[in-house]
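One structure below.
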Amino acid sequence: MKKLVASILSLAVVAGLGTAVLAEEAAKPAEHHEAATPHYPLKEPKEVDWSFAGPFGTYDKGQLQRGLKVYTEVCAACHSMKLVPFRTLGELGYSDAQVKAFAANYEVQDGPNASGDMYTRKAVPSDYFPSPFANAEAAAASNNGAAPPDFSLIAKAREVERGFPRFVFDIFTQYQEGGPDYIYSLLTGYEEPPAGFQVPQGAHYNPYFHAAAVFAMPKPLSDGQVTYDDGSPATVDQYAKDVSSFLMWAAEPHLVERKHTGFMVMIFLLIFSVLIYLTKRSVYANKEH
C-alpha cells in the first residue's frame, strides 16, 4: 500500500513539474533559428484591453463609430464587407436618417430593369457594403497579385491559436479577443526586417502576419491620416484599436446579447441545481440508507 501511495505521489510531482515547465516555455517568446522551420506568426499578437472582453464586456459605441470612420476612409479602398448591411449601423447609435445618408454615399449594381439590363443606383439601408472591385481577379490585379480579404468576418477568422497551457486558462477567463488582438498587432507591427532577411519586391515585413514574415499589404495607417470628430488622438495606435473593435462588432454584432443570455442561463442552471438538491433531500430524508 505504501509503495502504491509513493508511486502516485511521484507521478503527481512529475506531472506538476511538467506543467510548470510547459507554462514557463509558453510564456517565453518563440526563438527562431536560421536552420529551423519558422513558426508563424513570428511574434504572438499583443493582448489589448478591450471594452467587450470578459463575460460582462460591452461594445463602446463611440469607439465603434471611430472604427467605422477608419474603415470607410482607409480600409474600404481595398476591403469589402459584403455580409454587413448598412441598416445594422443603427446599432452604433446612428439615427435612421444618418444611416440612409451614409448608405447613399455608395453605389450598388441592381437589375435587371425592364429592358433586361443591369444598372447602378445609390445604396439604401437594406443594401450591403459593396466591394471596391468588380471581381476577385480585378482585386488581385490592383494589389500586387493578392486579392484583399473581405472584412465581414475577419475578426473571427484570424484568431491565432494559443498553445498549452494558455488555452486551458482561456476557458475560464472567457478569452475571445484573439481576432481583434491579431488585427491590432498586424496594423501596428510593421518593422524593418532583421539583418540578412531578404524581403521580396512589393512585399512588406511584418512578424505578426499569421502565414509568413512578409505580405503584400503596405502599412495602411499613419499618424494624422483620419480626423476624429470627438477629438480622440489621431495616432496609428488609436486607429488600430478603433478599427479592430469595429471589425469585431461586424463579425459578431450580437456579442453583448449573447453574453447576457449566457449569464441568465448560468443563473437558471444554478437555481435549478439547488432545487434538485433540495428535492432529493426532501424525498430521501426519511429513507434508510
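Every chain in the C-alpha cells takes a letter, A first, then B, and so on in the order presented; its residues are numbered from 1, and the ligands are numbered from 1 following the presented order.
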
Show which residues sit within 12 Å of Glu252 of chain A, as a JSON list (two decimals) with N, CA, C and O atoms, in the first residue's frame. Count only C-alpha atoms, and ignore same-chain residues fewer than 4 positions away.
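In the end it all went to around_18.json:
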[["chain", "number", "residue", "atom", "x", "y", "z"],
["A", 52, "PHE", "N", -15.12, 45.08, -24.72],
["A", 52, "PHE", "CA", -16.03, 43.95, -24.87],
["A", 52, "PHE", "C", -15.45, 42.64, -24.34],
["A", 52, "PHE", "O", -16.04, 41.58, -24.52],
["A", 58, "THR", "N", -18.94, 45.00, -22.89],
["A", 58, "THR", "CA", -19.89, 45.62, -23.83],
["A", 58, "THR", "C", -19.11, 46.42, -24.87],
["A", 58, "THR", "O", -17.98, 46.83, -24.65],
["A", 59, "TYR", "N", -19.75, 46.66, -26.00],
["A", 59, "TYR", "CA", -19.14, 47.47, -27.04],
["A", 59, "TYR", "C", -19.20, 48.94, -26.66],
["A", 59, "TYR", "O", -20.20, 49.42, -26.10],
["A", 83, "LEU", "N", -21.05, 41.03, -46.16],
["A", 83, "LEU", "CA", -22.05, 40.39, -45.31],
["A", 83, "LEU", "C", -22.66, 41.35, -44.29],
["A", 83, "LEU", "O", -23.48, 40.94, -43.47],
["A", 84, "VAL", "N", -22.27, 42.62, -44.34],
["A", 84, "VAL", "CA", -22.74, 43.60, -43.36],
["A", 84, "VAL", "C", -23.67, 44.60, -44.05],
["A", 84, "VAL", "O", -23.24, 45.36, -44.91],
["A", 88, "THR", "N", -27.62, 47.85, -40.17],
["A", 88, "THR", "CA", -27.12, 47.48, -38.84],
["A", 88, "THR", "C", -26.32, 48.60, -38.19],
["A", 88, "THR", "O", -26.05, 48.55, -36.99],
["A", 152, "SER", "N", -15.90, 41.15, -43.46],
["A", 152, "SER", "CA", -17.13, 40.87, -42.72],
["A", 152, "SER", "C", -16.88, 40.03, -41.47],
["A", 152, "SER", "O", -17.41, 40.32, -40.39],
["A", 153, "LEU", "N", -16.08, 38.98, -41.60],
["A", 153, "LEU", "CA", -15.84, 38.04, -40.50],
["A", 153, "LEU", "C", -14.36, 37.94, -40.14],
["A", 153, "LEU", "O", -13.95, 36.98, -39.48],
["A", 154, "ILE", "N", -13.57, 38.90, -40.55],
["A", 154, "ILE", "CA", -12.13, 38.81, -40.40],
["A", 154, "ILE", "C", -11.71, 38.71, -38.93],
["A", 154, "ILE", "O", -10.72, 38.04, -38.59],
["A", 155, "ALA", "N", -12.46, 39.36, -38.03],
["A", 155, "ALA", "CA", -12.10, 39.34, -36.62],
["A", 155, "ALA", "C", -12.32, 37.97, -35.97],
["A", 155, "ALA", "O", -11.72, 37.68, -34.93],
["A", 156, "LYS", "N", -13.15, 37.15, -36.57],
["A", 156, "LYS", "CA", -13.36, 35.78, -36.06],
["A", 156, "LYS", "C", -12.51, 34.78, -36.83],
["A", 156, "LYS", "O", -12.20, 33.70, -36.31],
["A", 157, "ALA", "N", -12.14, 35.12, -38.05],
["A", 157, "ALA", "CA", -11.40, 34.18, -38.89],
["A", 157, "ALA", "C", -9.89, 34.24, -38.69],
["A", 157, "ALA", "O", -9.18, 33.34, -39.11],
["A", 176, "GLN", "N", -11.86, 35.73, -25.79],
["A", 176, "GLN", "CA", -12.39, 35.60, -27.15],
["A", 176, "GLN", "C", -11.90, 36.74, -28.03],
["A", 176, "GLN", "O", -12.51, 37.02, -29.06],
["A", 177, "GLU", "N", -10.82, 37.38, -27.62],
["A", 177, "GLU", "CA", -10.38, 38.58, -28.30],
["A", 177, "GLU", "C", -9.16, 38.31, -29.19],
["A", 177, "GLU", "O", -8.40, 39.24, -29.51],
["A", 179, "GLY", "N", -8.97, 37.56, -32.34],
["A", 179, "GLY", "CA", -9.07, 38.23, -33.64],
["A", 179, "GLY", "C", -8.72, 39.70, -33.57],
["A", 179, "GLY", "O", -7.84, 40.18, -34.31],
["A", 180, "PRO", "N", -9.37, 40.47, -32.69],
["A", 180, "PRO", "CA", -9.00, 41.89, -32.56],
["A", 180, "PRO", "C", -7.55, 42.09, -32.13],
["A", 180, "PRO", "O", -6.90, 43.02, -32.61],
["A", 245, "SER", "N", -11.84, 47.03, -33.10],
["A", 245, "SER", "CA", -13.09, 46.91, -32.34],
["A", 245, "SER", "C", -14.29, 46.90, -33.28],
["A", 245, "SER", "O", -15.22, 46.11, -33.11],
["A", 246, "PHE", "N", -14.26, 47.77, -34.28],
["A", 246, "PHE", "CA", -15.36, 47.82, -35.25],
["A", 246, "PHE", "C", -15.49, 46.51, -36.02],
["A", 246, "PHE", "O", -16.60, 46.01, -36.25],
["A", 247, "LEU", "N", -14.37, 45.93, -36.42],
["A", 247, "LEU", "CA", -14.40, 44.67, -37.16],
["A", 247, "LEU", "C", -14.87, 43.52, -36.27],
["A", 247, "LEU", "O", -15.48, 42.57, -36.77],
["A", 248, "MET", "N", -14.60, 43.59, -34.96],
["A", 248, "MET", "CA", -15.13, 42.59, -34.05],
["A", 248, "MET", "C", -16.65, 42.71, -34.00],
["A", 248, "MET", "O", -17.37, 41.71, -34.00],
["A", 256, "VAL", "N", -22.92, 41.15, -27.14],
["A", 256, "VAL", "CA", -23.39, 41.56, -25.82],
["A", 256, "VAL", "C", -24.66, 40.82, -25.45],
["A", 256, "VAL", "O", -24.80, 40.34, -24.32],
["A", 257, "GLU", "N", -25.60, 40.69, -26.39],
["A", 257, "GLU", "CA", -26.83, 39.96, -26.11],
["A", 257, "GLU", "C", -26.54, 38.50, -25.80],
["A", 257, "GLU", "O", -27.17, 37.91, -24.91],
["A", 258, "ARG", "N", -25.58, 37.91, -26.51],
["A", 258, "ARG", "CA", -25.22, 36.52, -26.24],
["A", 258, "ARG", "C", -24.65, 36.35, -24.84],
["A", 258, "ARG", "O", -24.96, 35.38, -24.15],
["A", 259, "LYS", "N", -23.85, 37.31, -24.42],
["A", 259, "LYS", "CA", -23.28, 37.24, -23.07],
["A", 259, "LYS", "C", -24.37, 37.37, -22.01],
["A", 259, "LYS", "O", -24.36, 36.65, -21.00]]

Give me the residues of segment 161-280 of chain A that have any atom at most 12 Å from an atom of segment 122-140 of chain A; for each, the nearest atom pair and the distance in Å, rounded to one decimal. Use only C-alpha atoms, sort by chain and number, and format it as a Markdown table.
| residue | atom | partner | partner_atom | distance |
| --- | --- | --- | --- | --- |
| A:Ala216 | CA | A:Ala140 | CA | 10.4 |
| A:Met217 | CA | A:Ala140 | CA | 11.5 |
| A:Ala250 | CA | A:Phe129 | CA | 11.3 |

Can you write out the residues you just picked, keeping N, CA and C atoms, as a tab-separated table (two decimals), in the first residue's frame?
chain	number	residue	atom	x	y	z
A	216	ALA	N	1.68	41.26	-48.85
A	216	ALA	CA	1.59	42.26	-49.90
A	216	ALA	C	1.11	43.62	-49.42
A	217	MET	N	0.35	43.68	-48.34
A	217	MET	CA	-0.26	44.95	-47.94
A	217	MET	C	0.77	45.89	-47.34
A	250	ALA	N	-18.55	43.92	-36.39
A	250	ALA	CA	-19.06	43.47	-37.69
A	250	ALA	C	-19.16	41.96	-37.74

I need the residue nearest Asn206 of chain A from this list: A:Tyr228, A:Tyr119, A:Tyr182, A:Phe268. Use only C-alpha atoms for the distance.
A:Tyr182

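Counting only C-alpha atoms, the residue from A:Tyr184, A:Gln63, A:Asn286, A:Asp230 that sits nearest to Ser51 of chain A is A:Gln63.
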
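Note that the spacing between atom CA of Glu91 of chain A and atom CA of Asp60 of chain A amounts to 11.1 Å.
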
If I take atom CA of Val108 of chain A and atom CA of Asn143 of chain A, how far is one from the other in Å, to one decimal?
22.0 Å

Test item: residues at most 9 Å from Leu89 of chain A, only C-alpha atoms, excluding those fewer than 4 positions along its chain, as number ranges by chain
A: 65, 85, 93-95, 99, 125

For those residues, write N, CA, C and O atoms to a file as a CSV table (one decimal), in the first residue's frame.
chain,number,residue,atom,x,y,z
A,65,GLN,N,-17.9,53.9,-33.7
A,65,GLN,CA,-18.2,54.9,-34.7
A,65,GLN,C,-16.8,55.4,-35.3
A,65,GLN,O,-16.7,55.7,-36.5
A,85,PRO,N,-25.0,44.6,-43.7
A,85,PRO,CA,-25.9,45.6,-44.3
A,85,PRO,C,-25.8,46.9,-43.6
A,85,PRO,O,-25.4,47.0,-42.5
A,93,GLY,N,-25.5,53.7,-32.8
A,93,GLY,CA,-26.0,54.9,-32.3
A,93,GLY,C,-26.5,55.9,-33.3
A,93,GLY,O,-26.8,57.1,-33.0
A,94,TYR,N,-26.5,55.5,-34.6
A,94,TYR,CA,-26.9,56.4,-35.6
A,94,TYR,C,-28.4,56.4,-35.8
A,94,TYR,O,-29.0,55.3,-35.7
A,95,SER,N,-29.0,57.5,-36.2
A,95,SER,CA,-30.4,57.5,-36.5
A,95,SER,C,-30.7,57.0,-37.9
A,95,SER,O,-29.8,56.7,-38.7
A,99,VAL,N,-28.2,56.8,-41.2
A,99,VAL,CA,-27.9,55.5,-41.9
A,99,VAL,C,-28.2,55.6,-43.3
A,99,VAL,O,-27.5,55.2,-44.2
A,125,PRO,N,-30.4,51.6,-47.0
A,125,PRO,CA,-30.0,50.8,-45.8
A,125,PRO,C,-30.1,49.3,-45.9
A,125,PRO,O,-29.4,48.6,-45.2

Enumerate the residues of segment 90-196 of chain A with a DSSP assignment of strand (DSSP E), computed from the backbone, and present them as a tab-separated table (two decimals) with all heavy atoms, in the first residue's frame.
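Dumped everything to out.tsv:
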chain	number	residue	atom	x	y	z
A	107	GLU	N	-22.57	53.29	-54.24
A	107	GLU	CA	-23.36	52.87	-55.39
A	107	GLU	C	-23.31	51.36	-55.50
A	107	GLU	O	-22.26	50.74	-55.27
A	107	GLU	CB	-22.83	53.50	-56.68
A	107	GLU	CG	-23.09	54.99	-56.77
A	107	GLU	CD	-22.74	55.56	-58.13
A	107	GLU	OE1	-22.02	54.86	-58.89
A	107	GLU	OE2	-23.18	56.68	-58.45
A	108	VAL	N	-24.44	50.76	-55.80
A	108	VAL	CA	-24.53	49.31	-55.95
A	108	VAL	C	-25.16	48.97	-57.30
A	108	VAL	O	-25.89	49.80	-57.87
A	108	VAL	CB	-25.38	48.69	-54.82
A	108	VAL	CG1	-24.71	48.90	-53.47
A	108	VAL	CG2	-26.79	49.26	-54.80
A	109	GLN	N	-24.87	47.79	-57.76
A	109	GLN	CA	-25.45	47.33	-59.03
A	109	GLN	C	-26.78	46.65	-58.75
A	109	GLN	O	-26.92	45.87	-57.80
A	109	GLN	CB	-24.51	46.37	-59.74
A	109	GLN	CG	-24.94	46.04	-61.17
A	109	GLN	CD	-23.95	45.13	-61.87
A	109	GLN	OE1	-23.66	44.06	-61.36
A	109	GLN	NE2	-23.45	45.54	-63.03
A	110	ASP	N	-27.76	46.94	-59.57
A	110	ASP	CA	-29.10	46.37	-59.40
A	110	ASP	C	-29.62	45.97	-60.77
A	110	ASP	O	-29.02	46.25	-61.80
A	110	ASP	CB	-30.02	47.40	-58.75
A	110	ASP	CG	-31.21	46.74	-58.06
A	110	ASP	OD1	-31.40	45.52	-58.25
A	110	ASP	OD2	-31.94	47.43	-57.32
A	119	TYR	N	-28.10	47.94	-63.88
A	119	TYR	CA	-27.88	49.38	-63.74
A	119	TYR	C	-27.32	49.68	-62.35
A	119	TYR	O	-27.35	48.84	-61.44
A	119	TYR	CB	-29.17	50.16	-63.96
A	119	TYR	CG	-30.28	49.83	-62.99
A	119	TYR	CD1	-30.46	50.56	-61.81
A	119	TYR	CD2	-31.14	48.76	-63.23
A	119	TYR	CE1	-31.47	50.25	-60.91
A	119	TYR	CE2	-32.15	48.43	-62.34
A	119	TYR	CZ	-32.30	49.18	-61.18
A	119	TYR	OH	-33.29	48.85	-60.29
A	120	THR	N	-26.77	50.86	-62.20
A	120	THR	CA	-26.18	51.30	-60.93
A	120	THR	C	-27.07	52.34	-60.28
A	120	THR	O	-27.59	53.23	-60.95
A	120	THR	CB	-24.78	51.89	-61.17
A	120	THR	OG1	-23.95	50.91	-61.80
A	120	THR	CG2	-24.13	52.31	-59.87
A	121	ARG	N	-27.24	52.20	-58.99
A	121	ARG	CA	-28.05	53.15	-58.22
A	121	ARG	C	-27.38	53.42	-56.88
A	121	ARG	O	-26.44	52.73	-56.48
A	121	ARG	CB	-29.45	52.58	-57.98
A	121	ARG	CG	-29.45	51.28	-57.19
A	121	ARG	CD	-30.84	50.90	-56.74
A	121	ARG	NE	-30.87	49.59	-56.08
A	121	ARG	CZ	-30.50	49.36	-54.83
A	121	ARG	NH1	-30.06	50.36	-54.07
A	121	ARG	NH2	-30.56	48.14	-54.32
A	122	LYS	N	-27.88	54.44	-56.18
A	122	LYS	CA	-27.38	54.74	-54.84
A	122	LYS	C	-27.86	53.66	-53.87
A	122	LYS	O	-28.99	53.16	-53.97
A	122	LYS	CB	-27.87	56.11	-54.39
A	122	LYS	CG	-27.17	57.28	-55.07
A	122	LYS	CD	-27.57	58.60	-54.45
A	122	LYS	CE	-26.77	59.75	-55.09
A	122	LYS	NZ	-27.12	61.06	-54.44
